[in-house]
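Participant: Dumping the structure here so I can ask a few things about it.
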Amino acid sequence: MSLFFALLFYVATLILVGGVAYKIYDYARTPAPLKIPTTPAPTTSSGVAFRMFREVVFFESLFKSNLWIWALGWLFHVSLALVLLRHVRYFTEPVNALIAFIQPFGMYAGFAMAAGLAGLWGRRFLVERIRYISTPSDHLMLALLLGIAVTGLLMKFVMHTDIVAVKTFFLGLMAFEIHPLPAHPGLYLHLLMVALLMIIFPVSKLLHAPGVFFSPTRNQIDNPRETRHLAPWAAPLDVQN
Amino acid sequence: MTDVTTPTAVPPAPTAAAKPAEKAKIEAPAYREMPCIPALQAGSMQASRPYVASEKIQEALGFHSKLDDEWQTTHDLAIAKMGDLLGKSRGLKVFMDSCVHCGACTDKCHYFLGTADPKNMPVARQELMRSVYRRYFTLPGKLFPGLVGAKDLTKEVLDDWYTYFWQCSQCRRCSVFCPYGIDTAEVTMAAHSILDAVGYGQKYSNEIVGKVHKIGNNLGLPGPALINTLEGLEEDVKEDTGVDIKYPLDVHGAEVLLVTPSADFFAEPHIESLIGYGKVFHAAGISWTLSSKASEAGNFGMFIGNYEQLRKIALRVREAALELGVKRIVVGECGHAWRVAYSFWNTLVGIGAGANDPFAIQLQKQLDPNYRQPSHICEVTWDLIQQGRLKFDKSANDHRIITFHDSCNVARASRMGDMVGGQFDIPRNIIRAVANHYVEMAPETIREKTFCCGGGGGVLTDELIDLRLKGALPRMEAIKQVADHDNVNFVAMICAICKAQFTKILPYYGYKMGMAGGVHQLVSTAIVLNNEQ
């Protein structure tokens with residue numbers, strides 16, 4: 001089992017890093033032919049950075065759009081960020097002071113994360129419009145994330161696993177050594193689902209995470225009269241007349 | 001001045017076969033008690049389809065002439081075109097990948113609010129294309145189509161594209177609210193482009209694009225007719241004001257080239273704004289001219305999502321400016337034209353700063369760098385007002401209680417002046433400078449949250465009147481509110497399509513068509529003309 005999970009995480013990491021890197025490369029190399037910022041838009045690059053910051057950190061557009069989706073979505077994402085940061089302790093020795101500081105918040109953020117996910121899932125059943133647009137994969141994605149959250153919480157608060165051994169296992173992986181992973185059904189499930197999430201990340205809607213940074217309606221500067229914007233594929237048209 | 005109420009609409013050839021299920025009587029939908037979100041009525045707009053472009057129209061633009069008899073050929077053409085567009089547009093690629101089906105946009109589209117057809121929810125409209133994207137361009141879609149909502153491109157799917165991508169006015173309201181900035185207008189444009197490529201073009205838009213190339217404007221007004229119209233206009237204005245105001249055409253060496261939607265030349269209320277532009281230039285002592293070559297500001301190349309057409313149509317303006325030797329280029333009241341002029345002209349043909357082909361360099365030398373190039377007529381008027389160069393008798397507008405309708409393309413896809421949000425403030429500032437009674441509509445229906453008039457993006461055609469009436473519902477509800485509460489009797493706007501659409505639909509909603517008019521119509525009413533110029 002230790003060997004299986006070791007290989008699984010090597011493969012999953014490769015797919016996640018390689019896949020997302022490829023997607024970022026693909027977005028970056030594809031030009032935006034025209035200036036299409038959704039206006040009113042910032043007229044400077046620092047203004048655009050600030051707009052993107054508000055979008056990514058506070059979900060500004062979603063806030064303007066729908067308070068329920070915003071509240072549940074933001075709760076989920078912030079909690080997930082805290083939980084992920086808390087998990088950094090399993091990959092570093094010694095543990096960074098900031099990560100140690102986050103520990104108690106990260107623990108309870110697990111509950112908030114599950115609550116946010118449950119709320120978002122509930123909307124997929126209860127709101128007719130959102131029920132209409134939901135695909136099976138939308139439900140499975142939420143099930144997967146909720147499964148990860150619940151198994152994690154179970155291990156923390158109900159059926160403990162040998163967390164020191166888990167840490168040894170992952171520190172070992174990072175040094176290309178395989179240490180024994182505790183035989184624990186909750187842990188197995190948790191890790192399986194995390195690996196699956198990593199694998200589907202670069203081919204699913206989870207691409208919204210890198211995608212938002214490349215969205216031309218949000219990342220373009222509103223200065224078309226002052227600065228010419230031209231896609232490389234359109235440049236040859238300039239020569240013909 | 002004629003009584004044509006849909007000036008940019010081409011009278012459709014009413015063949016009996018092309019008119020399915022035509023309703024006996026067309027009526028406006030009832031106002032809702034509260035502006036609540038409607039319950040879904042699947043398929044309620046399935047029958048709303050514009051006329052398909054004829055082979056002749058398609059061929060004139062170099063598009064595939066008609067759908068191939070072999071479905072496989074059409075299928076392959078469509079997928080190839082889609083791949084081509086994905087490689088050329090980062091926006092399209094990111095928008096195809098990023099949607100998480102959160103639902104934030106589901107209640108933001110005026111066509112959904114007015115029709116309750118679920119395929120008019122922005123996410124569902126995008127999904128028509130995204131499901132095909134997943135099937136052909138993503139691994140999960142190839143392996144597990146049912147799981148991820150991927151679909152083969154079939155004739156039924158393509159028909160759905162034609163039906164529902166011609167129920168989007170590219171107004172971008174959904175893009176304001178999307179957490180990833182996904183812009184349905186971009187998806188709709190891509191769909192139109194693919195439909196053109198397979199020979200499934202829309203008659204109204206493609207016919208107009210053809211007419212611009214052939215005659216010079218969307219309405220197909222030839223040069224002599226223009227001269228005639230403008231001379232008549234000069235006489236009318238002289239009679240009205242006693243002042244000799246010129247409406248010049250093709251005058252070499254004029255300072256300003258005014259490029260305006262061709263509806264301004266003869267349709268009501270558009271022409272009232274044209275009269276206003278002339279009065280402003282006259283009062284400020286600025287020499288100006290219209291151009292018979294660039295006698296159209298509108299650029300339907302945008303509606304059909306075709307970069308080459310966009311560029312070709314914009315090129316006429318550059319040519320006219322070079323030929324006439326003007327110092328400034330000014331754009332009249334037209335929403336999508338201002339988007340194209342402000343946001344795209346520099347990219348397309350180098351009107352602006354930074355292009356380095358010989359013609360663009362020549363143009364940069366010729367144009368006066370002390371002015372914004374291009375300028376919106378509202379920027380020009382507002383600058384003159386601030387400089388104290390225009391005088392007004394505001395009481396001349398006292399019979400009007402005015403509100404301002406922000407046109408989508410001006411509001412969400414362009415700017416005016418030097419301040420962020422100038423596209424909202426400058427027209428309002430002008431109205432306040434020329435009139436005493438101004439009322440704002442509900443905050444969630446103005447500025448960047450404005451509701452489309454229901455006629456934009458290439459749907460301003462008679463066979464889509466049902467869609468246009470229903471799509472106008474959210475805007476009409478906001479107008480009704482200020483009409484009931486504040487006795488508003490004039491809705492000012494700066495878009496030729498909005499003007500044509502409102503003139504057509506206001507009577508269905510129980511208002512006079514004269515309730516809609518231009519900002520420069522108000523300027524025209526109040527401006528004080530001296531004979532000293």
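By convention in this document, the chains of the structure tokens carry letters A, B, ... by their order, each chain's residues are numbered from 1, and ligands are numbered from 1 in the order they are shown.
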Could you go through range 144-201 of chain A and tell me which residues DSSP, when run on the backbone, assigns to alpha helix (DSSP H), listing them as an MDAnalysis selection string?
Facilitator: chainID A and resid 144:157 163:174 185:200
Participant: Keeping N, CA and C atoms, export the residues of the selection given above as a compact mmCIF listing (two decimals), in the first residue's frame.
Facilitator:
# COMPACT_ATOMS: atom_id res chain seq x y z
N LEU A 144 -16.52 15.03 -4.25
CA LEU A 144 -15.11 14.75 -4.04
C LEU A 144 -14.51 15.69 -2.99
N LEU A 145 -14.77 16.98 -3.15
CA LEU A 145 -14.23 17.96 -2.20
C LEU A 145 -14.80 17.75 -0.81
N LEU A 146 -16.11 17.47 -0.77
CA LEU A 146 -16.74 17.24 0.53
C LEU A 146 -16.17 15.96 1.17
N GLY A 147 -15.95 14.95 0.35
CA GLY A 147 -15.36 13.70 0.84
C GLY A 147 -13.99 13.94 1.44
N ILE A 148 -13.20 14.75 0.77
CA ILE A 148 -11.86 15.08 1.28
C ILE A 148 -11.97 15.79 2.63
N ALA A 149 -12.89 16.76 2.69
CA ALA A 149 -13.06 17.53 3.93
C ALA A 149 -13.53 16.63 5.06
N VAL A 150 -14.51 15.77 4.80
CA VAL A 150 -15.09 14.95 5.86
C VAL A 150 -14.08 13.91 6.35
N THR A 151 -13.37 13.25 5.43
CA THR A 151 -12.38 12.26 5.88
C THR A 151 -11.26 12.94 6.67
N GLY A 152 -10.91 14.13 6.24
CA GLY A 152 -9.88 14.88 6.98
C GLY A 152 -10.34 15.21 8.38
N LEU A 153 -11.57 15.70 8.48
CA LEU A 153 -12.10 16.05 9.79
C LEU A 153 -12.22 14.82 10.68
N LEU A 154 -12.63 13.69 10.08
CA LEU A 154 -12.77 12.45 10.86
C LEU A 154 -11.43 12.07 11.48
N MET A 155 -10.35 12.18 10.67
CA MET A 155 -9.03 11.80 11.18
C MET A 155 -8.56 12.76 12.27
N LYS A 156 -8.98 14.00 12.16
CA LYS A 156 -8.52 14.99 13.14
C LYS A 156 -9.30 14.85 14.45
N PHE A 157 -10.61 14.61 14.33
CA PHE A 157 -11.43 14.72 15.53
C PHE A 157 -12.04 13.39 16.00
N ILE A 163 -0.23 10.43 12.70
CA ILE A 163 0.10 11.58 11.84
C ILE A 163 1.61 11.76 11.68
N VAL A 164 2.35 11.32 12.71
CA VAL A 164 3.82 11.43 12.62
C VAL A 164 4.34 10.52 11.50
N ALA A 165 3.72 9.34 11.41
CA ALA A 165 4.13 8.41 10.34
C ALA A 165 3.73 8.94 8.97
N VAL A 166 2.55 9.59 8.92
CA VAL A 166 2.10 10.18 7.64
C VAL A 166 3.11 11.22 7.19
N LYS A 167 3.53 12.05 8.16
CA LYS A 167 4.49 13.10 7.82
C LYS A 167 5.81 12.48 7.35
N THR A 168 6.24 11.44 8.02
CA THR A 168 7.47 10.76 7.62
C THR A 168 7.34 10.23 6.19
N PHE A 169 6.15 9.68 5.88
CA PHE A 169 5.90 9.16 4.54
C PHE A 169 6.07 10.25 3.49
N PHE A 170 5.44 11.43 3.72
CA PHE A 170 5.48 12.48 2.70
C PHE A 170 6.85 13.16 2.64
N LEU A 171 7.48 13.34 3.80
CA LEU A 171 8.85 13.88 3.76
C LEU A 171 9.75 12.92 3.00
N GLY A 172 9.50 11.61 3.17
CA GLY A 172 10.27 10.60 2.45
C GLY A 172 10.07 10.72 0.96
N LEU A 173 8.79 10.86 0.54
CA LEU A 173 8.49 10.99 -0.89
C LEU A 173 9.29 12.13 -1.50
N MET A 174 9.42 13.21 -0.75
CA MET A 174 10.12 14.37 -1.29
C MET A 174 11.61 14.13 -1.43
N PRO A 185 -8.14 3.20 7.07
CA PRO A 185 -9.09 3.36 5.96
C PRO A 185 -9.42 4.83 5.68
N GLY A 186 -9.56 5.61 6.73
CA GLY A 186 -9.86 7.04 6.55
C GLY A 186 -8.75 7.73 5.80
N LEU A 187 -7.52 7.41 6.17
CA LEU A 187 -6.36 8.01 5.52
C LEU A 187 -6.29 7.59 4.05
N TYR A 188 -6.50 6.28 3.82
CA TYR A 188 -6.47 5.79 2.43
C TYR A 188 -7.48 6.55 1.57
N LEU A 189 -8.71 6.66 2.09
CA LEU A 189 -9.76 7.35 1.34
C LEU A 189 -9.38 8.81 1.08
N HIS A 190 -8.94 9.46 2.14
CA HIS A 190 -8.56 10.87 2.06
C HIS A 190 -7.51 11.06 0.96
N LEU A 191 -6.47 10.24 1.00
CA LEU A 191 -5.37 10.40 0.06
C LEU A 191 -5.79 10.05 -1.37
N LEU A 192 -6.62 9.01 -1.50
CA LEU A 192 -7.10 8.63 -2.83
C LEU A 192 -7.85 9.79 -3.48
N MET A 193 -8.72 10.41 -2.70
CA MET A 193 -9.55 11.50 -3.24
C MET A 193 -8.69 12.73 -3.56
N VAL A 194 -7.70 12.99 -2.70
CA VAL A 194 -6.82 14.13 -2.97
C VAL A 194 -6.05 13.90 -4.27
N ALA A 195 -5.57 12.68 -4.46
CA ALA A 195 -4.82 12.37 -5.68
C ALA A 195 -5.72 12.52 -6.91
N LEU A 196 -6.97 12.04 -6.77
CA LEU A 196 -7.92 12.16 -7.89
C LEU A 196 -8.15 13.64 -8.23
N LEU A 197 -8.30 14.46 -7.21
CA LEU A 197 -8.51 15.89 -7.43
C LEU A 197 -7.31 16.50 -8.16
N MET A 198 -6.12 16.08 -7.75
CA MET A 198 -4.92 16.61 -8.41
C MET A 198 -4.89 16.20 -9.88
N ILE A 199 -5.32 14.96 -10.15
CA ILE A 199 -5.26 14.45 -11.52
C ILE A 199 -6.27 15.15 -12.42
N ILE A 200 -7.47 15.41 -11.91
CA ILE A 200 -8.48 16.02 -12.79
C ILE A 200 -8.31 17.54 -12.88
Participant: Would you please extract all strand (DSSP E) residues from range 89-309 of chain B, as assigned by DSSP on the backbone, and give them as a ChimeraX atom specification?
Facilitator: /B:256-259,288-289
Participant: Residues as selected, N, CA and C atoms, written as a short mmCIF file (atom, residue, chain, number, x, y, z; two decimals), in the first residue's frame, can you do that?
Facilitator:
data_model
loop_
_atom_site.label_atom_id
_atom_site.label_comp_id
_atom_site.auth_asym_id
_atom_site.auth_seq_id
_atom_site.Cartn_x
_atom_site.Cartn_y
_atom_site.Cartn_z
N VAL B 256 -12.84 68.72 -38.54
CA VAL B 256 -13.41 67.50 -37.96
C VAL B 256 -14.07 66.64 -39.03
N LEU B 257 -13.76 65.34 -39.00
CA LEU B 257 -14.55 64.36 -39.76
C LEU B 257 -15.53 63.74 -38.78
N LEU B 258 -16.82 63.91 -39.04
CA LEU B 258 -17.82 63.28 -38.18
C LEU B 258 -18.28 61.98 -38.83
N VAL B 259 -18.11 60.89 -38.10
CA VAL B 259 -18.57 59.59 -38.57
C VAL B 259 -19.75 59.21 -37.69
N TRP B 288 -16.34 71.36 -40.00
CA TRP B 288 -16.50 69.90 -39.94
C TRP B 288 -17.07 69.38 -41.24
N THR B 289 -17.00 68.06 -41.39
CA THR B 289 -17.58 67.45 -42.58
C THR B 289 -18.00 66.01 -42.31
#
Participant: My list of candidates is A:Leu237, A:Ala175, A:Val127, A:Ala81. Which is closest to Gly106 in chain A when distances are computed with only C-alpha atoms?
Facilitator: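 When distances to Gly106 in chain A are compared using only C-alpha atoms, the smallest one comes from A:Ala81.
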Participant: Which residues come within 7 Å of range 171-180 of chain B, counting only C-alpha atoms, excluding same-chain residues fewer than 5 positions away, as a VMD selection string?
Facilitator: (chain A and resid 38 59 61 to 62 64 to 65 212 215) or (chain B and resid 104 to 105 108 to 109 122 185 408 to 409 412 449 452)
Participant: Do you know which residues are at most 8 Å from Ser2 in chain A counting only C-alpha atoms, after dropping those on the same chain fewer than 5 positions away, and could you put them as a PyMOL selection string?
Facilitator: chain A and resi 178-181
Participant: Take the residues that were just selected and, keeping C-alpha atoms, output them as a PDB file, in the first residue's frame.
Facilitator:
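After the write, result.pdb holds the following:
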ATOM      1  CA  ILE A 178       9.376   5.259   0.626  1.00  0.00           C
ATOM      2  CA  HIS A 179       8.462   5.069   4.310  1.00  0.00           C
ATOM      3  CA  PRO A 180       5.498   3.026   5.598  1.00  0.00           C
ATOM      4  CA  LEU A 181       2.117   4.708   5.459  1.00  0.00           C
TER       5      LEU A 181
END
Participant: Which residues are near His485 in chain B? Cut-off 12 Å, only C-alpha atoms, ignore same chain within fewer than 3 positions. Put them as a short mmCIF file (atom, residue, chain, number, x, y, z; two decimals) with N, CA and C atoms, in the first residue's frame.
Facilitator:
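Below you can see part_2.cif, which holds the result:
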data_model
loop_
_atom_site.label_atom_id
_atom_site.label_comp_id
_atom_site.auth_asym_id
_atom_site.auth_seq_id
_atom_site.Cartn_x
_atom_site.Cartn_y
_atom_site.Cartn_z
N ILE B 401 -39.25 65.84 -18.89
CA ILE B 401 -38.66 65.28 -17.67
C ILE B 401 -37.85 64.08 -18.15
N VAL B 439 -34.01 62.83 -14.01
CA VAL B 439 -34.30 61.79 -13.01
C VAL B 439 -33.50 60.54 -13.37
N GLU B 440 -32.95 59.87 -12.37
CA GLU B 440 -32.19 58.65 -12.61
C GLU B 440 -33.11 57.43 -12.43
N MET B 441 -32.92 56.41 -13.27
CA MET B 441 -33.67 55.16 -13.09
C MET B 441 -33.06 54.37 -11.93
N ALA B 442 -33.69 53.25 -11.57
CA ALA B 442 -33.25 52.45 -10.42
C ALA B 442 -31.77 52.09 -10.56
N ALA B 478 -38.07 49.55 -15.62
CA ALA B 478 -37.36 50.66 -14.97
C ALA B 478 -37.87 52.00 -15.49
N ILE B 479 -38.17 52.05 -16.79
CA ILE B 479 -38.71 53.29 -17.35
C ILE B 479 -40.10 53.57 -16.76
N LYS B 480 -40.92 52.52 -16.69
CA LYS B 480 -42.28 52.69 -16.16
C LYS B 480 -42.24 53.25 -14.73
N GLN B 481 -41.29 52.75 -13.97
CA GLN B 481 -41.16 53.20 -12.58
C GLN B 481 -40.95 54.72 -12.51
N VAL B 482 -40.02 55.23 -13.33
CA VAL B 482 -39.77 56.68 -13.27
C VAL B 482 -40.87 57.46 -14.00
N VAL B 488 -41.54 61.02 -15.83
CA VAL B 488 -40.54 61.08 -16.90
C VAL B 488 -41.24 60.90 -18.25
N ASN B 489 -40.92 61.78 -19.19
CA ASN B 489 -41.53 61.68 -20.52
C ASN B 489 -40.49 61.69 -21.64
#
